[in-house]
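This is start-v3.cif (mmCIF, N, CA and C atoms).
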```
data_final
loop_
_atom_site.label_atom_id
_atom_site.label_comp_id
_atom_site.auth_asym_id
_atom_site.auth_seq_id
_atom_site.Cartn_x
_atom_site.Cartn_y
_atom_site.Cartn_z
N MET Y 1285 25.51 5.99 17.76
CA MET Y 1285 24.29 5.22 17.67
C MET Y 1285 24.63 3.83 17.15
N ILE Y 1286 24.05 2.83 17.77
CA ILE Y 1286 24.26 1.46 17.32
C ILE Y 1286 22.91 0.86 16.96
N GLU Y 1287 22.96 -0.09 16.07
CA GLU Y 1287 21.75 -0.81 15.67
C GLU Y 1287 22.13 -2.28 15.52
N TYR Y 1288 21.36 -3.14 16.14
CA TYR Y 1288 21.60 -4.57 16.00
C TYR Y 1288 20.31 -5.31 16.32
N GLU Y 1289 20.27 -6.58 15.96
CA GLU Y 1289 19.10 -7.41 16.25
C GLU Y 1289 19.38 -8.27 17.46
N THR Y 1290 18.36 -8.47 18.27
CA THR Y 1290 18.47 -9.32 19.45
C THR Y 1290 17.12 -9.94 19.74
N ARG Y 1291 17.12 -10.94 20.57
CA ARG Y 1291 15.87 -11.60 20.97
C ARG Y 1291 15.42 -11.04 22.31
N LEU Y 1292 14.10 -10.94 22.48
CA LEU Y 1292 13.53 -10.58 23.77
C LEU Y 1292 13.68 -11.78 24.70
N LYS Y 1293 14.06 -11.54 25.93
CA LYS Y 1293 14.26 -12.61 26.89
C LYS Y 1293 13.33 -12.39 28.08
N ALA Y 1294 12.83 -13.50 28.64
CA ALA Y 1294 11.99 -13.42 29.84
C ALA Y 1294 12.84 -12.92 31.00
N TRP Y 1295 12.25 -12.00 31.76
CA TRP Y 1295 12.96 -11.42 32.90
C TRP Y 1295 11.92 -11.14 33.98
N GLY Y 1296 11.66 -12.14 34.82
CA GLY Y 1296 10.58 -12.06 35.80
C GLY Y 1296 9.25 -12.02 35.08
N ASN Y 1297 8.40 -11.04 35.39
CA ASN Y 1297 7.11 -10.88 34.71
C ASN Y 1297 7.21 -9.98 33.49
N SER Y 1298 8.43 -9.61 33.13
CA SER Y 1298 8.65 -8.70 32.00
C SER Y 1298 9.52 -9.39 30.95
N VAL Y 1299 9.85 -8.65 29.93
CA VAL Y 1299 10.83 -9.11 28.95
C VAL Y 1299 11.91 -8.04 28.86
N GLY Y 1300 13.09 -8.43 28.45
CA GLY Y 1300 14.18 -7.48 28.35
C GLY Y 1300 15.12 -7.85 27.22
N ILE Y 1301 16.05 -6.96 26.96
CA ILE Y 1301 17.08 -7.21 25.96
C ILE Y 1301 18.43 -7.09 26.62
N VAL Y 1302 19.41 -7.74 26.05
CA VAL Y 1302 20.78 -7.65 26.55
C VAL Y 1302 21.59 -6.88 25.51
N ILE Y 1303 22.33 -5.90 25.96
CA ILE Y 1303 23.21 -5.15 25.07
C ILE Y 1303 24.61 -5.73 25.24
N PRO Y 1304 25.20 -6.27 24.18
CA PRO Y 1304 26.52 -6.87 24.29
C PRO Y 1304 27.58 -5.88 24.79
N LYS Y 1305 28.55 -6.40 25.50
CA LYS Y 1305 29.60 -5.59 26.11
C LYS Y 1305 30.36 -4.75 25.08
N ASP Y 1306 30.65 -5.33 23.90
CA ASP Y 1306 31.40 -4.57 22.90
C ASP Y 1306 30.63 -3.35 22.42
N LYS Y 1307 29.31 -3.45 22.36
CA LYS Y 1307 28.49 -2.32 21.92
C LYS Y 1307 28.42 -1.26 23.03
N ILE Y 1308 28.37 -1.70 24.28
CA ILE Y 1308 28.37 -0.77 25.41
C ILE Y 1308 29.68 0.01 25.43
N GLU Y 1309 30.77 -0.69 25.24
CA GLU Y 1309 32.08 -0.02 25.25
C GLU Y 1309 32.23 0.94 24.08
N ARG Y 1310 31.74 0.52 22.91
CA ARG Y 1310 31.87 1.37 21.72
C ARG Y 1310 31.13 2.69 21.88
N GLU Y 1311 29.98 2.65 22.57
CA GLU Y 1311 29.18 3.87 22.76
C GLU Y 1311 29.45 4.54 24.10
N HIS Y 1312 30.39 4.00 24.86
CA HIS Y 1312 30.77 4.57 26.16
C HIS Y 1312 29.56 4.70 27.09
N LEU Y 1313 28.74 3.65 27.15
CA LEU Y 1313 27.56 3.64 28.01
C LEU Y 1313 27.95 3.25 29.43
N LYS Y 1314 27.22 3.78 30.39
CA LYS Y 1314 27.48 3.49 31.81
C LYS Y 1314 26.20 2.92 32.44
N LYS Y 1315 26.37 2.19 33.55
CA LYS Y 1315 25.22 1.67 34.30
C LYS Y 1315 24.33 2.82 34.73
N ASN Y 1316 23.02 2.59 34.67
CA ASN Y 1316 21.99 3.56 35.06
C ASN Y 1316 21.91 4.78 34.15
N GLN Y 1317 22.63 4.78 33.04
CA GLN Y 1317 22.53 5.88 32.08
C GLN Y 1317 21.24 5.73 31.30
N MET Y 1318 20.55 6.84 31.03
CA MET Y 1318 19.33 6.81 30.23
C MET Y 1318 19.72 6.63 28.76
N VAL Y 1319 19.02 5.72 28.07
CA VAL Y 1319 19.21 5.50 26.65
C VAL Y 1319 17.85 5.49 25.98
N LYS Y 1320 17.82 5.76 24.70
CA LYS Y 1320 16.58 5.71 23.93
C LYS Y 1320 16.53 4.38 23.20
N VAL Y 1321 15.41 3.67 23.29
CA VAL Y 1321 15.24 2.38 22.64
C VAL Y 1321 14.12 2.51 21.61
N VAL Y 1322 14.41 2.13 20.37
CA VAL Y 1322 13.40 2.12 19.31
C VAL Y 1322 13.12 0.67 18.99
N ILE Y 1323 11.86 0.27 19.09
CA ILE Y 1323 11.51 -1.14 18.90
C ILE Y 1323 10.78 -1.30 17.57
N SER Y 1324 11.24 -2.27 16.77
CA SER Y 1324 10.56 -2.60 15.52
C SER Y 1324 10.75 -4.08 15.26
N PRO Y 1325 9.78 -4.72 14.58
CA PRO Y 1325 9.95 -6.13 14.24
C PRO Y 1325 11.18 -6.30 13.36
N ALA Y 1326 11.87 -7.41 13.52
CA ALA Y 1326 13.13 -7.64 12.80
C ALA Y 1326 12.94 -7.69 11.29
N LYS Y 1327 11.79 -8.12 10.80
CA LYS Y 1327 11.59 -8.28 9.36
C LYS Y 1327 11.06 -7.02 8.69
N MET Y 1328 10.93 -5.94 9.42
CA MET Y 1328 10.39 -4.71 8.86
C MET Y 1328 11.39 -4.08 7.89
N VAL Y 1329 10.91 -3.62 6.75
CA VAL Y 1329 11.76 -2.94 5.77
C VAL Y 1329 11.65 -1.44 6.04
N ARG Y 1330 12.79 -0.79 6.17
CA ARG Y 1330 12.80 0.63 6.44
C ARG Y 1330 13.09 1.40 5.15
N VAL Y 1331 12.53 2.56 5.03
CA VAL Y 1331 12.74 3.40 3.86
C VAL Y 1331 14.22 3.72 3.69
N GLN Y 1332 14.93 3.96 4.80
CA GLN Y 1332 16.35 4.28 4.72
C GLN Y 1332 17.11 3.15 4.03
N ASP Y 1333 16.72 1.89 4.32
CA ASP Y 1333 17.40 0.76 3.70
C ASP Y 1333 17.19 0.76 2.19
N ILE Y 1334 15.98 1.05 1.75
CA ILE Y 1334 15.67 1.03 0.32
C ILE Y 1334 16.42 2.15 -0.39
N PHE Y 1335 16.33 3.38 0.11
CA PHE Y 1335 16.97 4.49 -0.56
C PHE Y 1335 18.48 4.40 -0.51
N GLY Y 1336 19.03 3.77 0.52
CA GLY Y 1336 20.46 3.56 0.56
C GLY Y 1336 20.93 2.70 -0.59
N LYS Y 1337 20.09 1.77 -1.04
CA LYS Y 1337 20.46 0.89 -2.14
C LYS Y 1337 20.21 1.54 -3.49
N LEU Y 1338 19.28 2.47 -3.56
CA LEU Y 1338 18.93 3.09 -4.84
C LEU Y 1338 19.82 4.27 -5.21
N LYS Y 1339 20.56 4.81 -4.25
CA LYS Y 1339 21.29 6.05 -4.53
C LYS Y 1339 22.41 5.88 -5.55
N ASN Y 1340 22.85 4.66 -5.83
CA ASN Y 1340 23.94 4.45 -6.77
C ASN Y 1340 23.47 4.12 -8.19
N TRP Y 1341 22.18 4.26 -8.45
CA TRP Y 1341 21.68 4.00 -9.80
C TRP Y 1341 22.27 5.02 -10.75
N LYS Y 1342 22.67 4.55 -11.92
CA LYS Y 1342 23.28 5.44 -12.91
C LYS Y 1342 22.30 5.80 -14.03
N LYS Y 1343 21.22 5.05 -14.17
CA LYS Y 1343 20.29 5.29 -15.27
C LYS Y 1343 19.20 6.27 -14.84
N PRO Y 1344 18.77 7.12 -15.74
CA PRO Y 1344 17.63 7.99 -15.44
C PRO Y 1344 16.35 7.17 -15.30
N THR Y 1345 15.42 7.67 -14.51
CA THR Y 1345 14.17 6.96 -14.26
C THR Y 1345 13.42 6.66 -15.56
N GLY Y 1346 13.38 7.62 -16.47
CA GLY Y 1346 12.67 7.42 -17.74
C GLY Y 1346 13.23 6.25 -18.51
N GLN Y 1347 14.54 6.11 -18.53
CA GLN Y 1347 15.17 4.99 -19.25
C GLN Y 1347 14.81 3.67 -18.59
N ILE Y 1348 14.82 3.62 -17.27
CA ILE Y 1348 14.45 2.39 -16.56
C ILE Y 1348 13.01 2.02 -16.87
N MET Y 1349 12.12 3.02 -16.87
CA MET Y 1349 10.70 2.75 -17.17
C MET Y 1349 10.53 2.22 -18.59
N ARG Y 1350 11.26 2.79 -19.55
CA ARG Y 1350 11.16 2.30 -20.93
C ARG Y 1350 11.63 0.85 -21.03
N GLU Y 1351 12.72 0.52 -20.32
CA GLU Y 1351 13.23 -0.86 -20.35
C GLU Y 1351 12.23 -1.83 -19.74
N VAL Y 1352 11.62 -1.43 -18.63
CA VAL Y 1352 10.62 -2.29 -17.98
C VAL Y 1352 9.41 -2.46 -18.88
N ASN Y 1353 8.92 -1.36 -19.46
CA ASN Y 1353 7.78 -1.45 -20.37
C ASN Y 1353 8.08 -2.37 -21.55
N LYS Y 1354 9.26 -2.24 -22.11
CA LYS Y 1354 9.65 -3.08 -23.25
C LYS Y 1354 9.66 -4.55 -22.85
N GLU Y 1355 10.22 -4.84 -21.67
CA GLU Y 1355 10.26 -6.22 -21.21
C GLU Y 1355 8.86 -6.77 -20.95
N LEU Y 1356 8.01 -5.97 -20.32
CA LEU Y 1356 6.64 -6.42 -20.07
C LEU Y 1356 5.87 -6.62 -21.36
N ASP Y 1357 6.04 -5.68 -22.30
CA ASP Y 1357 5.37 -5.83 -23.60
C ASP Y 1357 5.77 -7.12 -24.28
N SER Y 1358 7.05 -7.44 -24.25
CA SER Y 1358 7.50 -8.65 -24.94
C SER Y 1358 7.01 -9.91 -24.24
N LYS Y 1359 6.87 -9.86 -22.92
CA LYS Y 1359 6.42 -11.05 -22.19
C LYS Y 1359 4.93 -11.27 -22.35
N PHE Y 1360 4.14 -10.19 -22.25
CA PHE Y 1360 2.69 -10.34 -22.20
C PHE Y 1360 1.97 -10.08 -23.51
N PHE Y 1361 2.58 -9.30 -24.40
CA PHE Y 1361 1.88 -8.94 -25.62
C PHE Y 1361 2.57 -9.44 -26.88
N GLY Y 1362 3.71 -10.05 -26.75
CA GLY Y 1362 4.39 -10.58 -27.92
C GLY Y 1362 4.70 -9.51 -28.93
N THR Y 1363 4.15 -9.65 -30.13
CA THR Y 1363 4.46 -8.69 -31.20
C THR Y 1363 3.42 -7.58 -31.32
N LEU Y 1364 2.42 -7.55 -30.43
CA LEU Y 1364 1.42 -6.49 -30.49
C LEU Y 1364 2.07 -5.15 -30.20
N LYS Y 1365 1.66 -4.14 -30.90
CA LYS Y 1365 2.17 -2.79 -30.70
C LYS Y 1365 1.13 -1.98 -29.92
N PRO Y 1366 1.55 -1.17 -28.94
CA PRO Y 1366 0.59 -0.34 -28.22
C PRO Y 1366 -0.01 0.71 -29.15
N ARG Y 1367 -1.24 1.11 -28.88
CA ARG Y 1367 -1.90 2.10 -29.71
C ARG Y 1367 -1.25 3.47 -29.59
N GLN Y 1368 -0.72 3.79 -28.41
CA GLN Y 1368 -0.09 5.08 -28.22
C GLN Y 1368 1.07 4.93 -27.23
N THR Y 1369 2.00 5.83 -27.33
CA THR Y 1369 3.14 5.80 -26.42
C THR Y 1369 2.71 6.34 -25.07
N ALA Y 1370 3.54 6.14 -24.09
CA ALA Y 1370 3.25 6.66 -22.75
C ALA Y 1370 3.15 8.18 -22.79
N GLN Y 1371 4.02 8.83 -23.58
CA GLN Y 1371 3.97 10.28 -23.67
C GLN Y 1371 2.67 10.75 -24.31
N GLU Y 1372 2.21 10.05 -25.37
CA GLU Y 1372 0.95 10.41 -26.01
C GLU Y 1372 -0.21 10.26 -25.03
N PHE Y 1373 -0.17 9.22 -24.19
CA PHE Y 1373 -1.21 9.00 -23.20
C PHE Y 1373 -1.20 10.14 -22.16
N LYS Y 1374 0.00 10.51 -21.68
CA LYS Y 1374 0.10 11.60 -20.71
C LYS Y 1374 -0.42 12.90 -21.31
N ASP Y 1375 -0.08 13.17 -22.58
CA ASP Y 1375 -0.56 14.39 -23.24
C ASP Y 1375 -2.09 14.39 -23.33
N MET Y 1376 -2.68 13.22 -23.64
CA MET Y 1376 -4.12 13.11 -23.74
C MET Y 1376 -4.77 13.38 -22.39
N VAL Y 1377 -4.22 12.84 -21.31
CA VAL Y 1377 -4.76 13.06 -19.97
C VAL Y 1377 -4.66 14.52 -19.59
N ARG Y 1378 -3.52 15.13 -19.88
CA ARG Y 1378 -3.36 16.56 -19.56
C ARG Y 1378 -4.38 17.43 -20.30
N GLU Y 1379 -4.67 17.10 -21.54
CA GLU Y 1379 -5.65 17.85 -22.32
C GLU Y 1379 -7.02 17.75 -21.66
N GLY Y 1380 -7.34 16.57 -21.15
CA GLY Y 1380 -8.65 16.38 -20.51
C GLY Y 1380 -8.80 17.19 -19.23
N TRP Y 1381 -7.70 17.53 -18.58
CA TRP Y 1381 -7.75 18.29 -17.32
C TRP Y 1381 -7.88 19.78 -17.54
N LYS Y 1382 -7.67 20.26 -18.74
CA LYS Y 1382 -7.71 21.71 -19.00
C LYS Y 1382 -9.14 22.21 -19.07
#
```
What does this structure look like when you write it as structure tokens?
Amino acid sequence: MIEYETRLKAWGNSVGIVIPKDKIEREHLKKNQMVKVVISPAKMVRVQDIFGKLKNWKKPTGQIMREVNKELDSKFFGTLKPRQTAQEFKDMVREGWK
């Protein structure tokens, strides 16, 4: 399987794409062979791209969340202390659901 970006080109009353020779040779494609084409805008972000970048994270999610909360607190609230921790808030919500 190959993936690359290309521009649509006018071809009579239609549009078409050109597959470069090196890609045809790499996939051993032949003239008149059926191929599957998946079309998506070039700027689209795919989930596979995101998760491919996240798989090497070494920190647990909870630690990352605490670091983000700490940074946001310092930026937006200065020295104010929250009334309750995130865990206390979750416990309170769980109690309300019982």
In Å, how far is it from CA of Met1285 (chain Y) to CA of Val1299 (chain Y)?
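That distance, rounded to one decimal, is 22.7 Å.
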Here atom N of Gln1368 (chain Y) and atom C of Lys1342 (chain Y) stand apart by 27.2 Å
Selection result of the PyMOL selection byres ((chain Y and resi 1286) around 8) on this file, as an mmCIF file with N, CA and C atoms, in the frame of the given file:
```
data_model
loop_
_atom_site.group_PDB
_atom_site.id
_atom_site.type_symbol
_atom_site.label_atom_id
_atom_site.label_comp_id
_atom_site.auth_asym_id
_atom_site.auth_seq_id
_atom_site.Cartn_x
_atom_site.Cartn_y
_atom_site.Cartn_z
ATOM 1 N N MET Y 1285 25.510 5.990 17.760
ATOM 2 C CA MET Y 1285 24.290 5.220 17.670
ATOM 3 C C MET Y 1285 24.630 3.830 17.150
ATOM 4 N N GLU Y 1287 22.960 -0.090 16.070
ATOM 5 C CA GLU Y 1287 21.750 -0.810 15.670
ATOM 6 C C GLU Y 1287 22.130 -2.280 15.520
ATOM 7 N N TYR Y 1288 21.360 -3.140 16.140
ATOM 8 C CA TYR Y 1288 21.600 -4.570 16.000
ATOM 9 C C TYR Y 1288 20.310 -5.310 16.320
ATOM 10 N N GLU Y 1289 20.270 -6.580 15.960
ATOM 11 C CA GLU Y 1289 19.100 -7.410 16.250
ATOM 12 C C GLU Y 1289 19.380 -8.270 17.460
ATOM 13 N N LYS Y 1307 29.310 -3.450 22.360
ATOM 14 C CA LYS Y 1307 28.490 -2.320 21.920
ATOM 15 C C LYS Y 1307 28.420 -1.260 23.030
ATOM 16 N N GLU Y 1311 29.980 2.650 22.570
ATOM 17 C CA GLU Y 1311 29.180 3.870 22.760
ATOM 18 C C GLU Y 1311 29.450 4.540 24.100
#
```
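CA of Val1321 (chain Y) sits 11.2 Å away from CA of Ile1303 (chain Y).
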Could you tell me which residues the PyMOL selection byres (((chain Y and resi 1290 and name CA) around 12) and name CA) grabs in this file, written as a PDB file with N, CA and C atoms, keeping the file's coordinate frame?
```pdb
ATOM      1  N   GLU Y1287      22.960  -0.090  16.070  1.00  0.00           N
ATOM      2  CA  GLU Y1287      21.750  -0.810  15.670  1.00  0.00           C
ATOM      3  C   GLU Y1287      22.130  -2.280  15.520  1.00  0.00           C
ATOM      4  N   TYR Y1288      21.360  -3.140  16.140  1.00  0.00           N
ATOM      5  CA  TYR Y1288      21.600  -4.570  16.000  1.00  0.00           C
ATOM      6  C   TYR Y1288      20.310  -5.310  16.320  1.00  0.00           C
ATOM      7  N   GLU Y1289      20.270  -6.580  15.960  1.00  0.00           N
ATOM      8  CA  GLU Y1289      19.100  -7.410  16.250  1.00  0.00           C
ATOM      9  C   GLU Y1289      19.380  -8.270  17.460  1.00  0.00           C
ATOM     10  N   ARG Y1291      17.120 -10.940  20.570  1.00  0.00           N
ATOM     11  CA  ARG Y1291      15.870 -11.600  20.970  1.00  0.00           C
ATOM     12  C   ARG Y1291      15.420 -11.040  22.310  1.00  0.00           C
ATOM     13  N   LEU Y1292      14.100 -10.940  22.480  1.00  0.00           N
ATOM     14  CA  LEU Y1292      13.530 -10.580  23.770  1.00  0.00           C
ATOM     15  C   LEU Y1292      13.680 -11.780  24.700  1.00  0.00           C
ATOM     16  N   LYS Y1293      14.060 -11.540  25.930  1.00  0.00           N
ATOM     17  CA  LYS Y1293      14.260 -12.610  26.890  1.00  0.00           C
ATOM     18  C   LYS Y1293      13.330 -12.390  28.080  1.00  0.00           C
ATOM     19  N   GLY Y1300      13.090  -8.430  28.450  1.00  0.00           N
ATOM     20  CA  GLY Y1300      14.180  -7.480  28.350  1.00  0.00           C
ATOM     21  C   GLY Y1300      15.120  -7.850  27.220  1.00  0.00           C
ATOM     22  N   ILE Y1301      16.050  -6.960  26.960  1.00  0.00           N
ATOM     23  CA  ILE Y1301      17.080  -7.210  25.960  1.00  0.00           C
ATOM     24  C   ILE Y1301      18.430  -7.090  26.620  1.00  0.00           C
ATOM     25  N   VAL Y1302      19.410  -7.740  26.050  1.00  0.00           N
ATOM     26  CA  VAL Y1302      20.780  -7.650  26.550  1.00  0.00           C
ATOM     27  C   VAL Y1302      21.590  -6.880  25.510  1.00  0.00           C
ATOM     28  N   ILE Y1303      22.330  -5.900  25.960  1.00  0.00           N
ATOM     29  CA  ILE Y1303      23.210  -5.150  25.070  1.00  0.00           C
ATOM     30  C   ILE Y1303      24.610  -5.730  25.240  1.00  0.00           C
ATOM     31  N   PRO Y1304      25.200  -6.270  24.180  1.00  0.00           N
ATOM     32  CA  PRO Y1304      26.520  -6.870  24.290  1.00  0.00           C
ATOM     33  C   PRO Y1304      27.580  -5.880  24.790  1.00  0.00           C
ATOM     34  N   ILE Y1323      11.860   0.270  19.090  1.00  0.00           N
ATOM     35  CA  ILE Y1323      11.510  -1.140  18.900  1.00  0.00           C
ATOM     36  C   ILE Y1323      10.780  -1.300  17.570  1.00  0.00           C
ATOM     37  N   SER Y1324      11.240  -2.270  16.770  1.00  0.00           N
ATOM     38  CA  SER Y1324      10.560  -2.600  15.520  1.00  0.00           C
ATOM     39  C   SER Y1324      10.750  -4.080  15.260  1.00  0.00           C
ATOM     40  N   PRO Y1325       9.780  -4.720  14.580  1.00  0.00           N
ATOM     41  CA  PRO Y1325       9.950  -6.130  14.240  1.00  0.00           C
ATOM     42  C   PRO Y1325      11.180  -6.300  13.360  1.00  0.00           C
ATOM     43  N   ALA Y1326      11.870  -7.410  13.520  1.00  0.00           N
ATOM     44  CA  ALA Y1326      13.130  -7.640  12.800  1.00  0.00           C
ATOM     45  C   ALA Y1326      12.940  -7.690  11.290  1.00  0.00           C
TER      46      ALA Y1326
END
```
